[in-house]
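Shown below: entry-v4.txt, with compact mmCIF, C-alpha atoms.
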```txt
# COMPACT_ATOMS: atom_id res chain seq x y z
CA MET S 160 29.90 7.27 -49.87
CA ALA S 161 31.64 6.15 -46.71
CA PHE S 162 29.76 8.88 -44.88
CA LEU S 163 26.40 7.62 -46.22
CA HIS S 164 27.29 4.05 -45.21
CA ALA S 165 28.19 5.21 -41.69
CA VAL S 166 24.90 7.11 -41.41
CA SER S 167 22.83 4.14 -42.62
CA SER S 168 24.67 1.68 -40.33
CA GLY S 169 24.14 4.14 -37.48
CA HIS S 170 20.40 4.21 -38.28
CA SER S 171 20.18 0.42 -38.31
CA ALA S 172 22.04 0.20 -34.99
CA THR S 173 19.60 2.70 -33.44
CA LYS S 174 16.69 0.72 -34.92
CA ASN S 175 18.07 -2.50 -33.41
CA VAL S 176 18.46 -0.86 -30.00
CA LEU S 177 14.89 0.50 -30.15
CA LYS S 178 13.59 -2.88 -31.29
CA GLY S 179 15.48 -4.54 -28.45
CA ARG S 180 14.07 -2.01 -25.98
CA SER S 181 10.51 -2.53 -27.19
CA LEU S 182 10.94 -6.30 -26.83
CA THR S 183 12.46 -6.13 -23.34
CA PRO S 184 9.15 -5.92 -21.40
CA TYR S 185 7.75 -8.91 -23.31
CA LEU S 186 10.93 -10.92 -22.74
CA LEU S 187 10.78 -10.08 -19.03
CA LEU S 188 7.12 -11.08 -18.92
CA ALA S 189 7.66 -14.29 -20.86
CA PRO S 190 8.75 -16.64 -17.99
CA GLY S 191 5.78 -15.57 -15.86
CA LEU S 192 3.37 -15.78 -18.77
CA ILE S 193 4.63 -19.22 -19.82
CA TRP S 194 4.29 -20.39 -16.22
CA LEU S 195 0.75 -18.98 -15.94
CA VAL S 196 -0.38 -20.44 -19.24
CA THR S 197 1.10 -23.88 -18.47
CA PHE S 198 0.02 -24.21 -14.85
CA PHE S 199 -3.08 -22.02 -14.66
CA ILE S 200 -4.77 -21.26 -17.99
CA ILE S 201 -4.44 -24.76 -19.51
CA PRO S 202 -5.54 -26.55 -16.28
CA ILE S 203 -8.46 -24.11 -15.92
CA PHE S 204 -9.63 -24.89 -19.46
CA SER S 205 -9.13 -28.60 -18.82
CA LEU S 206 -11.18 -28.29 -15.60
CA ALA S 207 -13.89 -26.32 -17.40
CA SER S 208 -14.01 -28.95 -20.11
CA THR S 209 -14.18 -31.79 -17.54
CA SER S 210 -16.99 -30.07 -15.63
CA THR S 211 -19.45 -30.49 -18.53
CA MET S 212 -18.59 -34.13 -19.29
CA VAL S 213 -20.95 -37.07 -18.86
CA ARG S 214 -20.27 -40.74 -18.14
CA PRO S 215 -21.57 -42.81 -21.08
CA GLU S 216 -23.93 -45.71 -20.40
CA GLY S 217 -22.01 -48.84 -19.39
CA ALA S 218 -18.64 -47.06 -19.44
CA GLN S 219 -15.87 -47.92 -16.99
CA VAL S 220 -15.34 -45.88 -13.83
CA GLY S 221 -13.43 -42.71 -14.65
CA VAL S 222 -14.35 -42.68 -18.36
CA TYR S 223 -16.23 -39.56 -19.44
CA GLU S 224 -17.14 -37.94 -22.74
CA GLN S 225 -17.80 -34.32 -23.58
CA LYS S 226 -21.55 -33.55 -23.80
CA LEU S 227 -21.49 -29.89 -22.70
CA ARG S 228 -23.88 -30.73 -19.88
CA PHE S 229 -24.02 -27.47 -17.89
CA ALA S 230 -26.65 -29.00 -15.60
CA ASN S 231 -23.66 -30.68 -13.88
CA TYR S 232 -23.14 -27.36 -12.08
CA ILE S 233 -26.70 -27.24 -10.73
CA ASP S 234 -26.63 -30.92 -9.77
CA ALA S 235 -23.28 -30.54 -8.00
CA PHE S 236 -24.41 -27.43 -6.12
CA VAL S 237 -27.80 -28.83 -5.09
CA ALA S 238 -26.26 -32.09 -3.88
CA ASN S 239 -23.57 -30.33 -1.83
CA GLN S 240 -25.09 -27.01 -0.77
CA ASP S 241 -24.74 -27.86 2.94
CA GLN S 242 -20.99 -28.31 2.56
CA TYR S 243 -20.83 -25.08 0.55
CA ILE S 244 -22.57 -23.03 3.18
CA ARG S 245 -20.57 -24.73 5.94
CA SER S 246 -17.27 -24.00 4.17
CA PHE S 247 -17.97 -20.28 3.92
CA PHE S 248 -19.33 -20.18 7.48
CA TYR S 249 -16.26 -21.93 8.93
CA ALA S 250 -13.93 -19.82 6.79
CA ALA S 251 -15.65 -16.63 8.01
CA LEU S 252 -15.45 -17.75 11.66
CA ALA S 253 -11.81 -18.76 11.28
CA THR S 254 -11.03 -15.41 9.63
CA LEU S 255 -12.68 -13.51 12.50
CA LEU S 256 -10.84 -15.64 15.08
CA ALA S 257 -7.53 -15.16 13.26
CA LEU S 258 -8.18 -11.41 13.09
CA ALA S 259 -8.95 -11.28 16.82
CA ILE S 260 -5.70 -13.12 17.59
CA ALA S 261 -3.50 -11.50 14.95
CA TYR S 262 -4.45 -7.83 15.34
CA PRO S 263 -3.21 -7.41 18.93
CA LEU S 264 -0.21 -9.60 18.10
CA ALA S 265 0.72 -7.46 15.08
CA TYR S 266 0.07 -4.31 17.13
CA ALA S 267 2.37 -5.53 19.91
CA ILE S 268 5.10 -6.39 17.41
CA ALA S 269 4.76 -3.06 15.58
CA PHE S 270 4.53 -0.73 18.57
CA LYS S 271 5.57 -2.51 21.78
CA SER S 272 8.39 -4.86 20.90
CA GLY S 273 11.29 -2.40 20.64
CA LYS S 274 14.54 -4.09 19.71
CA TYR S 275 12.88 -7.57 19.68
CA ARG S 276 10.70 -6.73 16.67
CA ASN S 277 12.62 -8.82 14.14
CA ILE S 278 12.89 -11.80 16.49
CA LEU S 279 9.13 -11.71 17.12
CA LEU S 280 8.45 -11.51 13.39
CA VAL S 281 10.55 -14.63 12.86
CA LEU S 282 8.69 -16.30 15.72
CA VAL S 283 5.37 -15.66 13.92
CA ILE S 284 6.60 -17.70 10.96
CA ALA S 285 8.78 -20.19 12.87
CA PRO S 286 5.98 -22.69 13.74
CA PHE S 287 5.23 -22.97 10.04
CA PHE S 288 8.61 -24.51 9.35
CA THR S 289 6.96 -27.65 10.75
CA SER S 290 4.73 -29.59 8.38
CA PHE S 291 1.14 -28.32 7.97
CA LEU S 292 -0.15 -31.87 8.37
CA LEU S 293 1.90 -32.57 11.48
CA ARG S 294 0.70 -29.39 13.20
CA THR S 295 -2.92 -30.24 12.41
CA ILE S 296 -2.46 -33.77 13.76
CA ALA S 297 -0.89 -32.25 16.92
CA TRP S 298 -4.16 -30.33 17.45
CA THR S 299 -6.04 -33.65 17.63
CA GLN S 300 -3.83 -34.55 20.61
CA ILE S 301 -4.17 -31.13 22.23
CA LEU S 302 -7.96 -31.07 21.84
CA ALA S 303 -8.44 -34.78 22.64
CA ASP S 304 -11.07 -35.76 25.22
CA SER S 305 -8.34 -36.57 27.76
CA GLY S 306 -6.08 -33.75 26.57
CA PRO S 307 -5.08 -30.65 28.52
CA VAL S 308 -7.62 -28.25 27.00
CA VAL S 309 -10.74 -30.36 27.53
CA SER S 310 -9.56 -31.49 30.98
CA ALA S 311 -9.05 -27.86 32.01
CA ILE S 312 -12.47 -26.81 30.69
CA LYS S 313 -14.19 -29.77 32.37
CA VAL S 314 -13.01 -28.47 35.76
CA LEU S 315 -15.63 -25.72 35.41
CA PRO S 316 -18.82 -26.69 37.26
CA PHE S 317 -21.29 -25.85 34.48
CA ILE S 318 -19.53 -27.95 31.82
CA ASP S 319 -21.23 -31.17 30.80
CA GLU S 320 -19.37 -34.44 31.34
CA LEU S 321 -19.77 -35.30 27.64
CA PHE S 322 -18.18 -32.02 26.54
CA ARG S 323 -15.64 -32.43 23.77
CA ILE S 324 -13.85 -30.29 21.20
CA ASN S 325 -12.11 -32.83 19.00
CA ASN S 326 -14.14 -33.92 15.96
CA THR S 327 -16.43 -30.93 16.24
CA SER S 328 -16.86 -27.76 14.20
CA THR S 329 -15.03 -25.83 16.98
CA ALA S 330 -11.91 -27.92 16.39
CA VAL S 331 -12.13 -27.31 12.63
CA VAL S 332 -12.41 -23.54 13.12
CA ILE S 333 -9.53 -23.55 15.66
CA GLY S 334 -7.39 -25.51 13.19
CA LEU S 335 -8.26 -23.23 10.27
CA ALA S 336 -7.55 -20.08 12.28
CA TYR S 337 -4.26 -21.54 13.49
CA ASN S 338 -3.01 -22.68 10.12
CA PHE S 339 -3.68 -19.37 8.40
CA LEU S 340 -2.63 -17.07 11.26
CA PRO S 341 0.63 -15.83 9.65
CA PHE S 342 -1.34 -14.85 6.52
CA MET S 343 -3.35 -12.55 8.77
CA THR S 344 -0.54 -11.35 11.03
CA LEU S 345 2.02 -10.32 8.43
CA PRO S 346 -0.18 -7.96 6.31
CA LEU S 347 -1.54 -6.47 9.53
CA TYR S 348 1.97 -5.90 10.82
CA ALA S 349 3.01 -4.33 7.49
CA SER S 350 0.14 -1.82 7.61
CA LEU S 351 0.53 -1.06 11.33
CA GLU S 352 4.27 -0.60 10.98
CA ARG S 353 3.71 2.04 8.28
CA ILE S 354 1.62 4.22 10.62
CA ASP S 355 3.52 7.37 11.54
CA PRO S 356 3.78 7.42 15.39
CA ARG S 357 3.36 11.20 15.23
CA THR S 358 -0.29 10.72 14.18
CA LEU S 359 -0.87 8.74 17.39
CA GLU S 360 0.91 11.45 19.40
CA ALA S 361 -1.24 14.09 17.69
CA ALA S 362 -4.38 12.20 18.70
CA GLY S 363 -3.11 12.18 22.29
CA ASP S 364 -2.36 15.91 22.10
CA LEU S 365 -5.99 16.43 21.04
CA TYR S 366 -7.13 14.70 24.26
CA ALA S 367 -8.13 11.44 22.61
CA ASN S 368 -7.83 8.55 25.02
CA GLY S 369 -6.28 5.22 24.03
CA LEU S 370 -9.53 3.71 22.79
CA THR S 371 -10.50 6.77 20.73
CA THR S 372 -7.00 6.94 19.22
CA PHE S 373 -7.29 3.31 18.23
CA ARG S 374 -10.81 3.74 16.83
CA LYS S 375 -10.18 6.99 14.95
CA VAL S 376 -6.53 6.69 13.90
CA THR S 377 -4.93 3.26 14.21
CA LEU S 378 -7.79 1.12 12.93
CA PRO S 379 -8.63 3.24 9.83
CA LEU S 380 -4.94 3.49 8.89
CA SER S 381 -4.49 -0.27 9.27
CA MET S 382 -7.56 -1.16 7.17
CA PRO S 383 -5.55 -2.15 4.06
CA GLY S 384 -3.77 -4.72 6.24
CA VAL S 385 -7.08 -5.93 7.68
CA VAL S 386 -8.54 -6.35 4.19
CA ALA S 387 -5.42 -8.08 2.82
CA GLY S 388 -5.18 -10.34 5.88
CA THR S 389 -8.84 -11.35 5.84
CA LEU S 390 -8.62 -12.17 2.13
CA LEU S 391 -5.42 -14.18 2.54
CA THR S 392 -7.06 -16.13 5.38
CA PHE S 393 -10.59 -16.51 4.04
CA ILE S 394 -9.72 -17.68 0.51
CA PRO S 395 -7.54 -20.69 1.43
CA ALA S 396 -9.70 -21.46 4.48
CA ALA S 397 -12.86 -21.77 2.33
CA GLY S 398 -11.22 -24.36 0.09
CA ASP S 399 -9.30 -26.20 2.81
CA TYR S 400 -9.99 -29.87 3.45
CA VAL S 401 -7.16 -31.01 5.73
CA ASN S 402 -8.52 -29.40 8.91
CA ALA S 403 -12.05 -30.74 8.40
CA ALA S 404 -10.67 -34.20 7.56
CA ILE S 405 -8.41 -34.43 10.63
CA LEU S 406 -10.19 -32.32 13.25
CA GLY S 407 -13.81 -32.72 12.16
CA ASN S 408 -16.38 -35.47 11.69
CA PRO S 409 -18.59 -36.43 8.73
CA SER S 410 -21.09 -33.71 9.63
CA THR S 411 -18.39 -30.99 9.55
CA LYS S 412 -17.21 -31.79 6.04
CA MET S 413 -16.29 -28.79 3.94
CA ILE S 414 -16.52 -28.40 0.18
CA GLY S 415 -12.80 -29.21 -0.14
CA ASN S 416 -13.48 -32.64 1.38
CA VAL S 417 -16.27 -33.27 -1.13
CA ILE S 418 -14.05 -32.24 -4.06
CA GLU S 419 -11.23 -34.43 -2.76
CA SER S 420 -13.47 -37.47 -2.34
CA ARG S 421 -15.17 -36.89 -5.74
CA PHE S 422 -11.79 -36.74 -7.46
CA PHE S 423 -9.93 -39.54 -5.66
CA ALA S 424 -12.54 -41.88 -4.08
CA VAL S 425 -15.65 -41.69 -6.27
CA VAL S 426 -13.68 -40.82 -9.46
CA ASP S 427 -16.49 -38.46 -10.45
CA TYR S 428 -14.37 -35.89 -12.26
CA PRO S 429 -17.20 -33.78 -13.76
CA THR S 430 -18.88 -33.15 -10.39
CA ALA S 431 -15.53 -32.42 -8.74
CA ALA S 432 -14.60 -30.00 -11.53
CA ALA S 433 -18.01 -28.30 -11.40
CA LEU S 434 -17.69 -27.92 -7.62
CA SER S 435 -14.18 -26.48 -7.98
CA PHE S 436 -15.41 -23.97 -10.53
CA THR S 437 -18.42 -22.97 -8.46
CA LEU S 438 -16.20 -22.53 -5.40
CA MET S 439 -13.79 -20.37 -7.39
CA ALA S 440 -16.60 -18.23 -8.81
CA THR S 441 -18.26 -17.78 -5.41
CA ILE S 442 -14.97 -16.75 -3.77
CA LEU S 443 -14.29 -14.34 -6.63
CA ILE S 444 -17.72 -12.70 -6.24
CA LEU S 445 -17.44 -12.50 -2.43
CA VAL S 446 -13.93 -11.05 -2.61
CA THR S 447 -14.97 -8.43 -5.19
CA LEU S 448 -17.96 -7.40 -3.08
CA TYR S 449 -15.82 -7.29 0.06
CA ILE S 450 -13.14 -5.14 -1.55
CA ARG S 451 -15.74 -2.73 -2.96
CA LYS S 452 -17.49 -2.55 0.40
CA SER S 453 -14.29 -1.98 2.35
CA GLY S 454 -13.20 0.72 -0.10
CA THR S 455 -9.68 -0.55 -0.70
CA ASP S 456 -9.89 -0.95 -4.46
CA GLU S 457 -6.14 -0.42 -4.78
CA LEU S 458 -5.69 -3.96 -3.44
CA VAL S 459 -7.23 -5.45 -6.58
CA MET M 615 4.44 26.02 53.61
CA THR M 616 3.73 22.38 54.11
CA THR M 617 3.97 19.59 51.62
CA THR M 618 1.89 16.48 51.71
CA ASN M 619 3.08 13.24 50.21
CA ALA M 620 0.66 11.47 47.88
CA PRO M 621 -0.59 8.26 49.48
CA MET M 622 1.22 5.12 48.31
CA PRO M 623 -0.93 3.28 45.76
CA THR M 624 -2.20 -0.01 47.04
CA PHE M 625 -0.86 -3.30 45.68
CA SER M 626 -4.09 -4.04 43.82
CA HIS M 627 -4.02 -0.56 42.28
CA ARG M 628 -0.42 -1.01 41.14
CA ALA M 629 -1.16 -4.52 39.86
CA SER M 630 -4.15 -3.33 37.84
CA ARG M 631 -2.09 -0.47 36.39
CA TRP M 632 0.71 -2.87 35.45
CA PHE M 633 -1.85 -5.24 33.93
CA SER M 634 -3.55 -2.54 31.84
CA ARG M 635 -0.15 -1.20 30.71
CA ASN M 636 1.06 -4.65 29.66
CA LEU M 637 -2.24 -6.14 28.48
CA ILE M 638 -1.21 -6.08 24.83
CA ARG M 639 2.10 -7.79 25.63
CA ILE M 640 0.31 -10.47 27.67
CA TYR M 641 -2.10 -11.00 24.77
CA ALA M 642 0.84 -11.28 22.34
CA ALA M 643 2.52 -13.82 24.64
CA LEU M 644 -0.69 -15.90 24.69
CA ALA M 645 -0.88 -15.68 20.88
CA PHE M 646 2.69 -16.98 20.66
CA ILE M 647 1.76 -19.83 23.02
CA TYR M 648 -1.16 -20.65 20.68
CA LEU M 649 1.28 -20.64 17.75
CA PHE M 650 3.85 -22.86 19.42
CA ILE M 651 1.64 -25.38 21.27
CA PRO M 652 1.35 -27.83 18.33
CA VAL M 653 5.07 -27.57 17.63
CA ALA M 654 5.88 -28.17 21.30
CA TYR M 655 3.51 -31.15 21.30
CA THR M 656 5.11 -32.60 18.19
CA PHE M 657 8.55 -32.06 19.74
CA ALA M 658 7.48 -33.71 23.01
CA PHE M 659 6.00 -36.70 21.19
CA SER M 660 9.22 -37.14 19.21
CA PHE M 661 10.82 -38.51 22.41
CA ASN M 662 8.27 -41.32 22.69
CA ILE M 663 9.50 -44.84 22.02
CA ALA M 664 9.05 -45.43 18.31
CA LEU M 665 6.70 -48.26 17.36
CA SER M 666 9.38 -49.70 15.06
CA SER M 667 11.65 -50.26 18.05
CA ILE M 668 8.93 -52.25 19.90
CA ILE M 669 7.72 -54.41 17.01
CA LYS M 670 10.62 -56.53 15.83
```

Could you take the file, read its structure, and then write that structure out as structure tokens?
Amino acid sequence: MAFLHAVSSGHSATKNVLKGRSLTPYLLLAPGLIWLVTFFIIPIFSLASTSTMVRPEGAQVGVYEQKLRFANYIDAFVANQDQYIRSFFYAALATLLALAIAYPLAYAIAFKSGKYRNILLVLVIAPFFTSFLLRTIAWTQILADSGPVVSAIKVLPFIDELFRINNTSTAVVIGLAYNFLPFMTLPLYASLERIDPRTLEAAGDLYANGLTTFRKVTLPLSMPGVVAGTLLTFIPAAGDYVNAAILGNPSTKMIGNVIESRFFAVVDYPTAAALSFTLMATILILVTLYIRKSGTDELV
Amino acid sequence: MTTTNAPMPTFSHRASRWFSRNLIRIYAALAFIYLFIPVAYTFAFSFNIALSSIIK
């Protein structure tokens, strides 16, 4: 009898352990899932619901009712298509500029920095310990009409007297590229650092010159970093509004500025929500196409 | 048997070789300058006389 009891209690203990083990992944996932549901899924549904609302006749500002008006999306897009196109254009330019600056920088840190590698990596992030807003405002001083950059450029004989950078699209792109530079540099460094130096030596042994080695070995092996870096730069740059607000002018407004003003100044929540959704969908489509085109599906 | 010494490279030749060898480092230094300019500006401006100390 005692033997049977021991066997059955042993079985139940094993069952409990197995049950505990099968629950462990869900318990580990729970904090992340709760966080996602609370701060992503619920707000997304709320935003989707807001995007199809309509302001009733004679209602107060900011009062909307649900009418499932999907034409809000078309209206919002048609009214702001210039800002949409401009946002993606600026984001693409800023991404290219950031790539042009970050690639050689990451390459130098990965291959040419020797014992200073860690210090240089810290230096890449160090400027970003200062406030994002403060750094962007500093660019208005640097690019001001009487600032050092414009004064230096105006020395050139073929530059017009009215030449300026501040409050132009150039300033916005410079600001965007600057603010998202670490997002480009760090993935690039990670992929370059993983390259086995022996592959570069092998290219040299096969009489490839520096440029050919870069083109045939370094660049293809660093492509995952290029793709990750361009995505991490392009996505926040497309939705950014701080750079366009501080460094641009009314004709350089991006879609982020429109969404911000619709939410906080005009109090037109449905249009702002529809614009946010359209922006999200467009970025999602572009990113999917880009990843498929670049052949790094493992990033998804 | 005679040996001939290779002619000394000219200054411009040596300079261009040094430049091409260190081009990537120079580029990285310029990138760091680009990164730190706004911070340096903010730091420099922090020594200006604060408006609150002028307006009483």

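Between Phe659 of chain M and the residues S:Ala367, S:Ala297, S:Leu391, S:Val385, the shortest atom-to-atom distance, using all atoms listed in the file, involves S:Ala297.
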
Protein/DNA/RNA residues near (-9.5, -6.3, -0.5), cut 12 Å, all atoms listed in the file, as a PyMOL selection string: chain S and resi 346+382-394+443-459

If we count all atoms listed in the file, which residues of chain M reach to within 7 Å of chain S? Please list them as a ChimeraX atom specification. /M:638-639,641-642,645,649-650,652-653,655-656

Please determine an axis-aligned box that encloses all atoms of segment 389-392 of chain S listed in the file, with 8 Å added on each side, and express its centre and edge lengths in Å to one decimal as AutoDock Vina command-line options.
```
--center_x -7.1 --center_y -13.7 --center_z 4.0 --size_x 19.4 --size_y 20.8 --size_z 19.7
```

Pairwise distance for atom CA of Thr254 of chain S and atom CA of Ser328 of chain S, rounded to one decimal in Å: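 A separation of 14.4 Å between them.
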
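Nearest residue to Leu434 of chain S, choosing from S:Ala303, S:Val417, S:Leu378, S:Ile201 and counting all atoms listed in the file: S:Val417.
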
Give the answer as one residue: which of S:Thr329, S:Thr358, S:Thr430, S:Gln240 has the shortest atom-to-atom distance to Thr211 of chain S, using all atoms listed in the file?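 Among the listed residues, the smallest separation from Thr211 of chain S belongs to S:Thr430.
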
Two-atom distance - atom CA of Arg421 of chain S, atom CA of Leu195 of chain S (Å):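 About the pair atom CA of Arg421 of chain S and atom CA of Leu195 of chain S: they are 26.0 Å apart.
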
Applying 10 Å and only C-alpha atoms, which residues near Arg323 of chain S remain after dropping the ones on its own chain fewer than 6 positions away? List them as a VMD selection string. chain S and resid 302 to 305 308 to 310 312 to 313 329 to 330

Would you mind reading off the distance between atom CA of Gly221 of chain S and atom CA of Val426 of chain S, one decimal, in Å?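 Atom-to-atom, atom CA of Gly221 of chain S to atom CA of Val426 of chain S, that is 5.5 Å.
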
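Nearest residue to Tyr232 of chain S among S:Leu252, S:Ile442, S:Ala432, S:Leu345 is S:Ala432, counting all atoms listed in the file.
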
Contacts of Tyr223 of chain S at 7 Å or less, counting all atoms listed in the file, minus same-chain residues fewer than 6 places along, as a PyMOL selection string? chain S and resi 212-215

Around the point (-12.7, -19.4, 5.6), in the coordinates given by the file, pick out the residues reaching within 8 Å, counting all atoms listed in the file, and return them as a ChimeraX atom specification. /S:246-254,335,392-398

Find the residue from S:Thr344, S:Asn231, S:Ile193, S:Asn239 that sits nearest to Gly415 of chain S; use all atoms listed in the file when measuring. S:Asn239

I want to know what sits within 7 Å of Gln242 of chain S, based on all atoms listed in the file, with residues of the same chain fewer than 4 positions away left out; could you give that as a PyMOL selection string? chain S and resi 246+412-414
